[in-house]
file start35.json (JSON, C-alpha atoms)
[["chain", "number", "residue", "atom", "x", "y", "z"],
["A", 20, "MET", "CA", -16.02, -21.98, -29.14],
["A", 21, "MET", "CA", -12.49, -23.29, -29.71],
["A", 22, "GLU", "CA", -10.68, -24.49, -26.64],
["A", 23, "ARG", "CA", -7.80, -22.20, -25.67],
["A", 24, "THR", "CA", -4.30, -23.57, -25.25],
["A", 25, "GLU", "CA", -2.46, -23.48, -21.93],
["A", 26, "ALA", "CA", -0.16, -20.73, -23.17],
["A", 27, "GLU", "CA", -3.18, -18.61, -24.17],
["A", 28, "LEU", "CA", -4.83, -19.15, -20.81],
["A", 29, "ILE", "CA", -1.65, -18.23, -18.92],
["A", 30, "SER", "CA", -1.17, -15.13, -21.05],
["A", 31, "ALA", "CA", -4.80, -14.07, -20.41],
["A", 32, "VAL", "CA", -4.32, -14.52, -16.64],
["A", 33, "LEU", "CA", -1.16, -12.42, -16.77],
["A", 34, "LYS", "CA", -3.10, -9.69, -18.60],
["A", 35, "GLY", "CA", -5.51, -9.51, -15.66],
["A", 36, "ASP", "CA", -8.23, -12.08, -16.37],
["A", 37, "PRO", "CA", -8.37, -14.42, -13.34],
["A", 38, "ALA", "CA", -11.29, -16.37, -14.86],
["A", 39, "SER", "CA", -8.86, -17.85, -17.42],
["A", 40, "PHE", "CA", -7.13, -19.61, -14.54],
["A", 41, "GLU", "CA", -10.17, -21.83, -13.95],
["A", 42, "PRO", "CA", -9.57, -24.31, -16.83],
["A", 43, "LEU", "CA", -6.00, -24.81, -15.56],
["A", 44, "VAL", "CA", -7.29, -25.49, -12.03],
["A", 45, "GLN", "CA", -9.84, -27.92, -13.44],
["A", 46, "LYS", "CA", -7.28, -29.78, -15.55],
["A", 47, "TYR", "CA", -4.49, -30.18, -13.01],
["A", 48, "SER", "CA", -6.32, -30.40, -9.67],
["A", 49, "PRO", "CA", -6.56, -34.22, -9.79],
["A", 50, "ARG", "CA", -2.73, -34.42, -9.87],
["A", 51, "VAL", "CA", -2.37, -31.83, -7.12],
["A", 52, "PHE", "CA", -4.87, -33.70, -4.91],
["A", 53, "ALA", "CA", -3.25, -37.09, -5.57],
["A", 54, "THR", "CA", 0.14, -35.67, -4.54],
["A", 55, "ALA", "CA", -1.25, -33.95, -1.46],
["A", 56, "ARG", "CA", -2.90, -37.24, -0.37],
["A", 57, "ARG", "CA", 0.56, -38.81, -0.10],
["A", 58, "TYR", "CA", 1.49, -36.37, 2.67],
["A", 59, "ALA", "CA", -1.75, -35.52, 4.48],
["A", 60, "ARG", "CA", -4.50, -37.77, 5.76],
["A", 61, "ARG", "CA", -7.45, -35.51, 6.56],
["A", 62, "GLU", "CA", -9.48, -34.26, 3.61],
["A", 63, "SER", "CA", -9.56, -30.75, 5.10],
["A", 64, "GLU", "CA", -5.73, -30.69, 5.19],
["A", 65, "ILE", "CA", -5.53, -32.02, 1.63],
["A", 66, "GLU", "CA", -7.90, -29.30, 0.44],
["A", 67, "ASP", "CA", -5.86, -26.65, 2.27],
["A", 68, "ILE", "CA", -2.68, -27.86, 0.54],
["A", 69, "ALA", "CA", -4.35, -27.85, -2.89],
["A", 70, "GLN", "CA", -5.78, -24.39, -2.30],
["A", 71, "GLU", "CA", -2.39, -23.06, -1.24],
["A", 72, "VAL", "CA", -0.75, -24.60, -4.31],
["A", 73, "TRP", "CA", -3.19, -22.83, -6.63],
["A", 74, "LEU", "CA", -2.93, -19.50, -4.86],
["A", 75, "LYS", "CA", 0.87, -19.70, -5.02],
["A", 76, "ALA", "CA", 0.70, -20.72, -8.68],
["A", 77, "PHE", "CA", -1.47, -17.69, -9.45],
["A", 78, "ASP", "CA", 0.80, -15.31, -7.55],
["A", 79, "LYS", "CA", 3.97, -16.67, -9.13],
["A", 80, "LEU", "CA", 2.62, -17.17, -12.64],
["A", 81, "LYS", "CA", 4.84, -14.33, -13.88],
["A", 82, "SER", "CA", 7.87, -16.48, -13.04],
["A", 83, "PHE", "CA", 6.63, -19.27, -15.35],
["A", 84, "ARG", "CA", 8.71, -18.86, -18.49],
["A", 85, "GLY", "CA", 7.06, -21.56, -20.56],
["A", 86, "GLU", "CA", 10.31, -23.43, -21.24],
["A", 87, "ALA", "CA", 9.08, -26.55, -19.43],
["A", 88, "PRO", "CA", 5.45, -27.75, -19.38],
["A", 89, "PHE", "CA", 3.15, -25.95, -16.96],
["A", 90, "GLU", "CA", 2.46, -29.30, -15.25],
["A", 91, "HIS", "CA", 6.12, -29.73, -14.25],
["A", 92, "TRP", "CA", 6.25, -26.20, -12.84],
["A", 93, "LEU", "CA", 3.03, -26.84, -10.93],
["A", 94, "MET", "CA", 4.22, -30.18, -9.55],
["A", 95, "ARG", "CA", 7.40, -28.55, -8.21],
["A", 96, "MET", "CA", 5.22, -26.06, -6.40],
["A", 97, "THR", "CA", 2.96, -28.86, -5.11],
["A", 98, "VAL", "CA", 5.84, -30.92, -3.72],
["A", 99, "ARG", "CA", 7.35, -27.86, -2.02],
["A", 100, "THR", "CA", 3.99, -26.92, -0.52],
["A", 101, "CYS", "CA", 3.57, -30.49, 0.76],
["A", 102, "TYR", "CA", 7.04, -30.29, 2.32],
["A", 103, "ASP", "CA", 6.11, -27.02, 4.04],
["A", 104, "PHE", "CA", 2.94, -28.72, 5.29],
["A", 105, "LEU", "CA", 4.96, -31.63, 6.73],
["A", 106, "ARG", "CA", 7.31, -29.21, 8.48],
["A", 107, "GLY", "CA", 4.37, -27.40, 10.03],
["A", 108, "HIS", "CA", 2.49, -30.56, 11.13],
["A", 109, "GLN", "CA", 4.84, -32.83, 13.00],
["A", 110, "ARG", "CA", 2.30, -33.70, 15.70],
["A", 111, "ASN", "CA", 2.28, -37.53, 15.41],
["A", 112, "ARG", "CA", 6.01, -38.16, 15.40],
["A", 113, "GLU", "CA", 6.33, -38.88, 19.11],
["A", 114, "SER", "CA", 3.38, -41.28, 19.53],
["A", 115, "SER", "CA", 4.07, -44.95, 20.26],
["A", 116, "PHE", "CA", 3.08, -48.09, 18.37],
["A", 117, "SER", "CA", 1.28, -49.54, 21.40],
["A", 118, "GLU", "CA", -2.16, -48.50, 20.12],
["A", 119, "LEU", "CA", -2.14, -50.51, 16.86],
["A", 120, "SER", "CA", -5.55, -51.59, 15.64],
["A", 121, "GLU", "CA", -6.55, -55.26, 15.54],
["A", 122, "PRO", "CA", -6.08, -55.69, 11.77],
["A", 123, "GLU", "CA", -2.63, -54.07, 12.03],
["A", 124, "ASN", "CA", -1.65, -56.43, 14.87],
["A", 125, "ASP", "CA", -2.98, -59.40, 12.88],
["A", 126, "TRP", "CA", -1.00, -58.39, 9.81],
["A", 127, "LEU", "CA", 2.19, -58.11, 11.87],
["A", 128, "GLU", "CA", 1.51, -61.50, 13.50],
["A", 129, "ARG", "CA", 1.02, -63.03, 10.06],
["A", 130, "PHE", "CA", 4.24, -61.44, 8.88],
["A", 131, "VAL", "CA", 6.15, -62.96, 11.84],
["A", 132, "THR", "CA", 4.66, -66.44, 11.52],
["A", 133, "ALA", "CA", 4.36, -66.74, 7.74],
["A", 134, "PRO", "CA", 5.73, -63.67, 5.88],
["A", 135, "GLU", "CA", 4.45, -64.83, 2.49],
["A", 136, "THR", "CA", 0.82, -64.68, 3.72],
["A", 137, "ALA", "CA", 1.12, -61.04, 4.77],
["A", 138, "THR", "CA", 0.12, -59.45, 1.46],
["A", 139, "ASP", "CA", 1.32, -56.02, 0.37],
["A", 140, "ASN", "CA", -2.08, -54.67, -0.62],
["A", 141, "ALA", "CA", -3.87, -55.46, 2.65],
["A", 142, "ASP", "CA", -5.59, -52.48, 4.27],
["A", 143, "ALA", "CA", -3.75, -53.19, 7.52],
["A", 144, "ALA", "CA", -0.39, -52.95, 5.75],
["A", 145, "LYS", "CA", -1.40, -49.58, 4.32],
["A", 146, "LEU", "CA", -2.39, -48.35, 7.78],
["A", 147, "LEU", "CA", 0.92, -49.53, 9.23],
["A", 148, "VAL", "CA", 2.86, -47.78, 6.46],
["A", 149, "GLY", "CA", 0.90, -44.63, 7.21],
["A", 150, "ARG", "CA", 1.92, -44.85, 10.88],
["A", 151, "VAL", "CA", 5.58, -45.38, 10.03],
["A", 152, "MET", "CA", 5.57, -42.53, 7.52],
["A", 153, "GLU", "CA", 4.03, -40.17, 10.07],
["A", 154, "LYS", "CA", 6.96, -40.82, 12.40],
["A", 155, "LEU", "CA", 9.56, -39.89, 9.83],
["A", 156, "SER", "CA", 11.05, -36.40, 9.77],
["A", 157, "PRO", "CA", 9.60, -34.16, 7.00],
["A", 158, "SER", "CA", 12.64, -34.43, 4.75],
["A", 159, "ALA", "CA", 12.89, -38.22, 5.27],
["A", 160, "ARG", "CA", 9.22, -38.68, 4.50],
["A", 161, "LEU", "CA", 9.49, -36.59, 1.36],
["A", 162, "VAL", "CA", 12.55, -38.47, 0.13],
["A", 163, "ILE", "CA", 11.14, -41.93, 0.93],
["A", 164, "THR", "CA", 7.88, -41.03, -0.81],
["A", 165, "LEU", "CA", 9.53, -39.70, -3.94],
["A", 166, "LEU", "CA", 12.39, -42.18, -4.16],
["A", 167, "GLU", "CA", 10.96, -45.47, -2.87],
["A", 168, "ILE", "CA", 7.22, -45.14, -3.34],
["A", 169, "GLU", "CA", 6.94, -43.01, -6.48],
["A", 170, "ASP", "CA", 10.16, -44.51, -7.86],
["A", 171, "ARG", "CA", 11.64, -41.22, -9.04],
["A", 172, "SER", "CA", 15.30, -40.66, -9.83],
["A", 173, "VAL", "CA", 17.61, -38.57, -7.65],
["A", 174, "LYS", "CA", 17.82, -35.95, -10.41],
["A", 175, "GLU", "CA", 14.04, -35.69, -10.61],
["A", 176, "ILE", "CA", 13.81, -35.32, -6.83],
["A", 177, "ALA", "CA", 16.43, -32.58, -6.94],
["A", 178, "GLN", "CA", 14.35, -30.71, -9.53],
["A", 179, "LEU", "CA", 11.11, -31.18, -7.61],
["A", 180, "THR", "CA", 12.45, -30.18, -4.22],
["A", 181, "GLY", "CA", 15.01, -27.58, -5.25],
["A", 182, "TRP", "CA", 17.73, -29.48, -3.33],
["A", 183, "SER", "CA", 21.08, -30.29, -4.92],
["A", 184, "VAL", "CA", 21.74, -33.85, -6.14],
["A", 185, "PRO", "CA", 24.32, -34.57, -3.36],
["A", 186, "LEU", "CA", 21.86, -33.25, -0.75],
["A", 187, "VAL", "CA", 19.13, -35.58, -2.06],
["A", 188, "LYS", "CA", 21.57, -38.51, -1.81],
["A", 189, "VAL", "CA", 22.55, -37.62, 1.75],
["A", 190, "ARG", "CA", 18.93, -37.16, 2.78],
["A", 191, "ALA", "CA", 17.94, -40.45, 1.11],
["A", 192, "PHE", "CA", 20.68, -42.27, 3.05],
["A", 193, "ARG", "CA", 19.56, -40.71, 6.33],
["A", 194, "ALA", "CA", 15.87, -41.33, 5.52],
["A", 195, "ARG", "CA", 16.45, -45.05, 4.96],
["A", 196, "GLY", "CA", 18.28, -45.23, 8.29],
["A", 197, "GLU", "CA", 15.48, -43.32, 10.01],
["A", 198, "MET", "CA", 12.87, -45.66, 8.58],
["A", 199, "ARG", "CA", 14.89, -48.71, 9.64],
["A", 200, "LYS", "CA", 15.01, -47.37, 13.20],
["A", 201, "ILE", "CA", 11.26, -46.72, 13.28],
["A", 202, "VAL", "CA", 10.44, -50.20, 11.97],
["A", 203, "ALA", "CA", 12.83, -51.67, 14.56],
["A", 204, "LYS", "CA", 11.15, -49.62, 17.30],
["A", 205, "MET", "CA", 7.75, -50.89, 16.19],
["A", 206, "ALA", "CA", 8.94, -54.48, 16.28],
["A", 207, "LYS", "CA", 10.55, -53.96, 19.69],
["A", 208, "GLU", "CA", 7.39, -52.40, 21.20],
["A", 209, "LYS", "CA", 5.30, -55.23, 19.82],
["A", 210, "TYR", "CA", 7.42, -58.27, 20.56],
["A", 211, "LEU", "CA", 9.80, -57.44, 23.43],
["B", 16, "MET", "CA", 11.72, -60.90, 12.84],
["B", 17, "ASN", "CA", 13.33, -59.93, 9.54],
["B", 18, "LEU", "CA", 13.21, -56.13, 9.73],
["B", 19, "ALA", "CA", 14.63, -55.55, 6.25],
["B", 20, "GLU", "CA", 11.93, -57.80, 4.81],
["B", 21, "LEU", "CA", 9.25, -55.99, 6.86],
["B", 22, "GLN", "CA", 10.50, -52.64, 5.58],
["B", 23, "LYS", "CA", 10.43, -53.96, 2.01],
["B", 24, "LYS", "CA", 6.86, -55.22, 2.52],
["B", 25, "MET", "CA", 5.82, -51.84, 3.83],
["B", 26, "ILE", "CA", 7.30, -49.97, 0.89],
["B", 27, "ALA", "CA", 5.53, -52.43, -1.42],
["B", 28, "ALA", "CA", 2.27, -51.80, 0.45],
["B", 29, "ALA", "CA", 2.74, -48.05, 0.08],
["B", 30, "ARG", "CA", 3.41, -48.49, -3.65],
["B", 31, "ALA", "CA", 0.26, -50.57, -4.02],
["B", 32, "ASN", "CA", -1.74, -47.87, -2.27],
["B", 33, "VAL", "CA", -2.02, -45.28, -5.04],
["B", 34, "PRO", "CA", -3.79, -42.22, -3.62],
["B", 35, "GLY", "CA", -7.02, -41.14, -5.27],
["B", 36, "ASP", "CA", -7.17, -38.05, -7.46],
["B", 37, "ARG", "CA", -10.73, -37.10, -6.55],
["B", 38, "VAL", "CA", -11.31, -33.36, -6.46],
["B", 39, "PRO", "CA", -14.06, -31.84, -4.28],
["B", 40, "TYR", "CA", -17.13, -30.58, -6.11],
["B", 41, "ALA", "CA", -16.69, -27.12, -7.71],
["B", 42, "PHE", "CA", -13.17, -26.77, -6.31],
["B", 43, "GLU", "CA", -12.05, -24.75, -9.36],
["B", 44, "LYS", "CA", -15.00, -22.35, -8.90],
["B", 45, "ARG", "CA", -13.95, -21.81, -5.29],
["B", 46, "ILE", "CA", -10.37, -21.04, -6.32],
["B", 47, "THR", "CA", -11.53, -18.63, -9.03],
["B", 48, "ALA", "CA", -13.82, -16.82, -6.59],
["B", 49, "LEU", "CA", -10.99, -16.60, -4.06],
["B", 50, "LEU", "CA", -8.64, -15.19, -6.69],
["B", 51, "ALA", "CA", -11.18, -12.68, -7.95],
["B", 52, "SER", "CA", -11.68, -11.38, -4.42],
["B", 53, "ARG", "CA", -7.97, -10.86, -3.88],
["B", 54, "VAL", "CA", -6.73, -9.75, -7.30],
["B", 55, "ALA", "CA", -4.01, -7.17, -6.70],
["B", 56, "PRO", "CA", -4.97, -3.62, -7.71],
["B", 57, "ASP", "CA", -3.40, -2.31, -10.90],
["B", 58, "ASN", "CA", -0.68, 0.15, -9.81],
["B", 59, "MET", "CA", -0.78, 2.02, -13.12],
["B", 60, "ALA", "CA", -4.54, 2.56, -12.81],
["B", 61, "LEU", "CA", -4.09, 3.79, -9.24],
["B", 62, "TRP", "CA", -1.47, 6.34, -10.37],
["B", 63, "VAL", "CA", -3.59, 7.55, -13.30],
["B", 64, "HIS", "CA", -6.62, 7.94, -11.04],
["B", 65, "GLY", "CA", -4.60, 9.87, -8.44],
["B", 66, "LEU", "CA", -3.00, 12.14, -11.03],
["B", 67, "TRP", "CA", -6.39, 12.96, -12.62],
["B", 68, "ARG", "CA", -7.74, 14.01, -9.24],
["B", 69, "ALA", "CA", -4.64, 16.14, -8.62],
["B", 70, "ALA", "CA", -5.01, 17.76, -12.05],
["B", 71, "VAL", "CA", -8.67, 18.64, -11.39],
["B", 72, "SER", "CA", -7.72, 20.20, -8.02],
["B", 73, "CYS", "CA", -4.93, 22.24, -9.67],
["B", 74, "VAL", "CA", -7.29, 23.55, -12.37],
["B", 75, "ALA", "CA", -9.86, 24.51, -9.70],
["B", 76, "ILE", "CA", -7.24, 26.36, -7.61],
["B", 77, "SER", "CA", -5.87, 28.24, -10.64],
["B", 78, "MET", "CA", -9.42, 29.25, -11.66],
["B", 79, "VAL", "CA", -10.12, 30.63, -8.16],
["B", 80, "CYS", "CA", -6.80, 32.53, -8.17],
["B", 81, "GLY", "CA", -7.54, 33.85, -11.66],
["B", 82, "ALA", "CA", -11.00, 35.01, -10.65],
["B", 83, "TRP", "CA", -9.63, 36.66, -7.51],
["B", 84, "ALA", "CA", -6.94, 38.50, -9.50],
["B", 85, "PHE", "CA", -9.49, 39.54, -12.14],
["B", 86, "PHE", "CA", -12.16, 40.90, -9.80],
["B", 87, "ASN", "CA", -9.85, 42.67, -7.31],
["B", 88, "PRO", "CA", -9.19, 46.42, -8.06],
["B", 89, "THR", "CA", -5.88, 46.77, -9.90],
["B", 90, "THR", "CA", -5.01, 50.12, -8.17],
["B", 91, "THR", "CA", -4.49, 48.38, -4.86],
["B", 92, "THR", "CA", -2.06, 46.05, -6.45],
["B", 93, "THR", "CA", -0.12, 48.91, -8.06],
["B", 94, "ALA", "CA", -0.13, 50.87, -4.83],
["B", 95, "THR", "CA", 1.11, 47.94, -2.88],
["B", 96, "ALA", "CA", 3.86, 47.39, -5.40],
["B", 97, "ALA", "CA", 4.86, 51.07, -5.23],
["B", 98, "ASP", "CA", 4.87, 50.95, -1.40],
["B", 99, "LEU", "CA", 7.01, 47.89, -1.49],
["B", 100, "SER", "CA", 9.59, 49.44, -3.83],
["B", 101, "GLN", "CA", 9.67, 52.64, -1.73],
["B", 102, "ASN", "CA", 10.17, 50.65, 1.49],
["B", 103, "PHE", "CA", 12.91, 48.60, -0.14],
["B", 104, "GLU", "CA", 14.71, 51.74, -1.31],
["B", 105, "ASN", "CA", 14.42, 53.39, 2.12],
["B", 106, "THR", "CA", 15.84, 50.37, 3.86],
["B", 107, "LEU", "CA", 18.67, 50.03, 1.39],
["B", 108, "LEU", "CA", 19.65, 53.68, 1.57],
["B", 109, "ALA", "CA", 18.99, 54.09, 5.32],
["B", 110, "SER", "CA", 22.70, 54.06, 6.21],
["B", 111, "VAL", "CA", 23.51, 56.62, 3.49],
["B", 112, "ASP", "CA", 20.69, 58.91, 4.73],
["B", 113, "GLN", "CA", 21.96, 58.63, 8.32],
["B", 114, "SER", "CA", 25.55, 59.57, 7.34],
["B", 115, "ASP", "CA", 24.21, 62.57, 5.30],
["B", 116, "GLN", "CA", 22.27, 63.81, 8.33],
["B", 117, "ALA", "CA", 25.33, 63.46, 10.62],
["B", 118, "GLN", "CA", 27.43, 65.71, 8.32]]

call {"tool": "encode", "arguments": {"input": "start35.json", "output": "structure tokens"}}
result
Amino acid sequence: MMERTEAELISAVLKGDPASFEPLVQKYSPRVFATARRYARRESEIEDIAQEVWLKAFDKLKSFRGEAPFEHWLMRMTVRTCYDFLRGHQRNRESSFSELSEPENDWLERFVTAPETATDNADAAKLLVGRVMEKLSPSARLVITLLEIEDRSVKEIAQLTGWSVPLVKVRAFRARGEMRKIVAKMAKEKYL
Amino acid sequence: MNLAELQKKMIAAARANVPGDRVPYAFEKRITALLASRVAPDNMALWVHGLWRAAVSCVAISMVCGAWAFFNPTTTTTATAADLSQNFENTLLASVDQSDQAQ
């Protein structure tokens, strides 16, 4: 049987055939999961985000006009769902840096004594970044992730989040300041 | 400690840590099952179904009324109609009758 195009699948879903949605879920779920893993740590939370994204996509499929690729439309929905998740799960923002694990402490020590030996791809560095990111406000975390980590442009971020370009710029400025403060707090708790 | 450098290192570490795109087994099947269980009912079909039921009820009621009218003796109906017209006339002309009697 010939494989159906995305437009055909979407049209079949809109005509009342939910089974035609399955190939779309299969094709784009890896991207949805990869995005959700940037904002949530537990697998159960990541699955919840992905499930919500697909349910929203199904419900709002009528609003997809087919002018842009389906993937772009879906990624906008994914980023907005992740943002909603961050706003609803701000539990770790108030914790302190006093309970850093041994590898994290070692990595920081190495950074202080010989910065060039503290490599970027060490597991401890990743854990530390995770801690810092968890302390950021939802909008700051979203902006830092999209702008600094995923290296997206301000215009792209505006399209993904639905914010205006000036708002993205303001939030990026504040997010950098927020991150600076958190890193300073971590250093202060550790070395003062 | 150089905080700007530390922040840069951290961003670099986050960039190096590309999240995996692994999808749980049969995730798409789960989503499809979930969607199938909550597909919104077709409003048009609901209306058509409701109207058909109403039409059947109307036909049944009109058949009962028809049968009742057919099997009932027609004289009663005529008599009732005659009584009604007589009563109506009496009521309407009651004041005229009263003034005639007074004279």

call {"tool": "interface_residues", "arguments": {"input": "start35.json", "of": "chain B", "to": "chain A", "cutoff": "8 Å", "atoms": "all atoms listed in the file", "output": "list in words"}}
result
Met16, Leu18, Ala19, Leu21, Gln22, Lys24, Met25, Ile26, Ala27, Ala28, Ala29, Arg30, Ala31, Asn32, Pro34, Gly35, Asp36, Arg37, Val38, Phe42, Glu43, Lys44, Ile46, Thr47, Leu50, Ala51 and Val54 of chain B

call {"tool": "residues_around", "arguments": {"input": "start35.json", "residues": "Ala194 of chain A", "least_positions_apart": "2", "cutoff": "10 Å", "atoms": "only C-alpha atoms", "output": "PDB file with C-alpha atoms, in the coordinates of the input"}}
result
ATOM      1  CA  LEU A 155       9.560 -39.890   9.830  1.00  0.00           C
ATOM      2  CA  SER A 156      11.050 -36.400   9.770  1.00  0.00           C
ATOM      3  CA  PRO A 157       9.600 -34.160   7.000  1.00  0.00           C
ATOM      4  CA  SER A 158      12.640 -34.430   4.750  1.00  0.00           C
ATOM      5  CA  ALA A 159      12.890 -38.220   5.270  1.00  0.00           C
ATOM      6  CA  ARG A 160       9.220 -38.680   4.500  1.00  0.00           C
ATOM      7  CA  LEU A 161       9.490 -36.590   1.360  1.00  0.00           C
ATOM      8  CA  VAL A 162      12.550 -38.470   0.130  1.00  0.00           C
ATOM      9  CA  ILE A 163      11.140 -41.930   0.930  1.00  0.00           C
ATOM     10  CA  LYS A 188      21.570 -38.510  -1.810  1.00  0.00           C
ATOM     11  CA  VAL A 189      22.550 -37.620   1.750  1.00  0.00           C
ATOM     12  CA  ARG A 190      18.930 -37.160   2.780  1.00  0.00           C
ATOM     13  CA  ALA A 191      17.940 -40.450   1.110  1.00  0.00           C
ATOM     14  CA  PHE A 192      20.680 -42.270   3.050  1.00  0.00           C
ATOM     15  CA  GLY A 196      18.280 -45.230   8.290  1.00  0.00           C
ATOM     16  CA  GLU A 197      15.480 -43.320  10.010  1.00  0.00           C
ATOM     17  CA  MET A 198      12.870 -45.660   8.580  1.00  0.00           C
ATOM     18  CA  ARG A 199      14.890 -48.710   9.640  1.00  0.00           C
ATOM     19  CA  LYS A 200      15.010 -47.370  13.200  1.00  0.00           C
TER      20      LYS A 200
END

call {"tool": "atom_distance", "arguments": {"input": "start35.json", "atom1": "atom CA of Leu93 of chain A", "atom2": "atom CA of Leu33 of chain A"}}
result
16.1 Å

call {"tool": "atom_distance", "arguments": {"input": "start35.json", "atom1": "atom CA of Gly181 of chain A", "atom2": "atom CA of Phe83 of chain A"}}
result
15.5 Å

call {"tool": "atom_distance", "arguments": {"input": "start35.json", "atom1": "atom CA of Val72 of chain A", "atom2": "atom CA of Ala26 of chain A"}}
result
19.3 Å

call {"tool": "closest_residue", "arguments": {"input": "start35.json", "among": "A:Lys34, A:Lys209, A:Arg106, A:Arg129", "to": "Lys81 of chain A", "atoms": "all atoms listed in the file"}}
result
A:Lys34
